[in-house]
Amino acid sequence: MRIHQLLSGPSIVLTNEENSFVRKHHSEVRLTSLDEHDQWLAQCLVRKGVYQISKDNITLINNLNEKSAD
């Protein structure tokens with residue numbers, strides 16, 4: 001590994017479907033507004049650390065510094 005890769009942190013690998021979800025819901029999203037498939041995608045993204053669940057257990061908040069994943 002190179003030093004700049006270590007300093008920037010590990011990269012997160014996203015599928016095309018997960019990437020489009022992040023682009024569509026780039027800041028925060030309420031779980032109640034998602035259909036069943038999008039809720040499943042949201043669970044996967046929480047496990048990967050892309051989103052976190054807020055204290056009210058209803059809102060997903062994007063953890064990425066970027067506004068959208070490219």
# chains A, B, ... in the order shown; residues from 1 in each chain; ligands from 1
>>> residues_around(residues="segment 56-65 of chain A", least_positions_apart="3", cutoff="7 Å", atoms="only C-alpha atoms", output="number ranges by chain")
A: 26-31, 50-53
>>> write_last_selection(atoms="C-alpha atoms", output="PDB file, in the first residue's frame")
ATOM      1  CA  HIS A  26     -27.113  11.491  -0.502  1.00  0.00           C
ATOM      2  CA  SER A  27     -27.674  13.210   2.859  1.00  0.00           C
ATOM      3  CA  GLU A  28     -30.330  11.494   4.951  1.00  0.00           C
ATOM      4  CA  VAL A  29     -33.483   9.473   4.406  1.00  0.00           C
ATOM      5  CA  ARG A  30     -36.350   8.214   6.567  1.00  0.00           C
ATOM      6  CA  LEU A  31     -36.703   4.441   6.690  1.00  0.00           C
ATOM      7  CA  VAL A  50     -21.826   4.208   4.538  1.00  0.00           C
ATOM      8  CA  TYR A  51     -24.890   5.176   6.607  1.00  0.00           C
ATOM      9  CA  GLN A  52     -25.663   5.232  10.304  1.00  0.00           C
ATOM     10  CA  ILE A  53     -29.019   5.054  12.044  1.00  0.00           C
TER      11      ILE A  53
END
>>> residues_around(residues="Leu14 of chain A", least_positions_apart="2", cutoff="10 Å", atoms="only C-alpha atoms", output="number ranges by chain")
A: 11-12, 16-20, 22, 44-45, 48, 50, 69
>>> select_by_dssp(residues="segment 3-70 of chain A", states="strand (DSSP E or B)", output="list in words")
Glu28, Val29, Arg30, Tyr51, Gln52, Ile53, Thr59, Leu60, Ile61 and Asn62 of chain A
>>> write_last_selection(atoms="N, CA, C and O atoms", output="short mmCIF file (atom, residue, chain, number, x, y, z; two decimals), in the first residue's frame")
data_model
loop_
_atom_site.label_atom_id
_atom_site.label_comp_id
_atom_site.auth_asym_id
_atom_site.auth_seq_id
_atom_site.Cartn_x
_atom_site.Cartn_y
_atom_site.Cartn_z
N GLU A 28 -29.63 12.34 3.98
CA GLU A 28 -30.33 11.49 4.95
C GLU A 28 -31.68 11.10 4.38
O GLU A 28 -32.21 11.75 3.49
N VAL A 29 -32.23 10.01 4.91
CA VAL A 29 -33.48 9.47 4.41
C VAL A 29 -34.22 8.79 5.56
O VAL A 29 -33.59 8.20 6.44
N ARG A 30 -35.53 8.88 5.55
CA ARG A 30 -36.35 8.21 6.57
C ARG A 30 -36.64 6.79 6.11
O ARG A 30 -36.99 6.55 4.96
N TYR A 51 -23.84 4.47 5.87
CA TYR A 51 -24.89 5.18 6.61
C TYR A 51 -24.84 4.76 8.07
O TYR A 51 -24.30 3.72 8.41
N GLN A 52 -25.44 5.59 8.92
CA GLN A 52 -25.66 5.23 10.30
C GLN A 52 -27.12 5.54 10.64
O GLN A 52 -27.74 6.38 10.01
N ILE A 53 -27.65 4.85 11.63
CA ILE A 53 -29.02 5.05 12.04
C ILE A 53 -29.02 6.10 13.14
O ILE A 53 -28.24 6.02 14.09
N THR A 59 -34.28 7.49 10.96
CA THR A 59 -33.56 8.23 9.93
C THR A 59 -32.18 7.64 9.70
O THR A 59 -31.46 7.32 10.65
N LEU A 60 -31.82 7.50 8.42
CA LEU A 60 -30.47 7.10 8.03
C LEU A 60 -29.68 8.36 7.70
O LEU A 60 -30.17 9.22 6.99
N ILE A 61 -28.46 8.43 8.21
CA ILE A 61 -27.60 9.58 7.96
C ILE A 61 -26.36 9.10 7.22
O ILE A 61 -25.73 8.11 7.62
N ASN A 62 -25.99 9.80 6.17
CA ASN A 62 -24.84 9.44 5.37
C ASN A 62 -23.56 9.74 6.13
O ASN A 62 -23.38 10.84 6.65
#
>>> closest_residue(among="A:His25, A:Leu34, A:Trp40, A:Gly49", to="Val13 of chain A", atoms="only C-alpha atoms")
A:Gly49
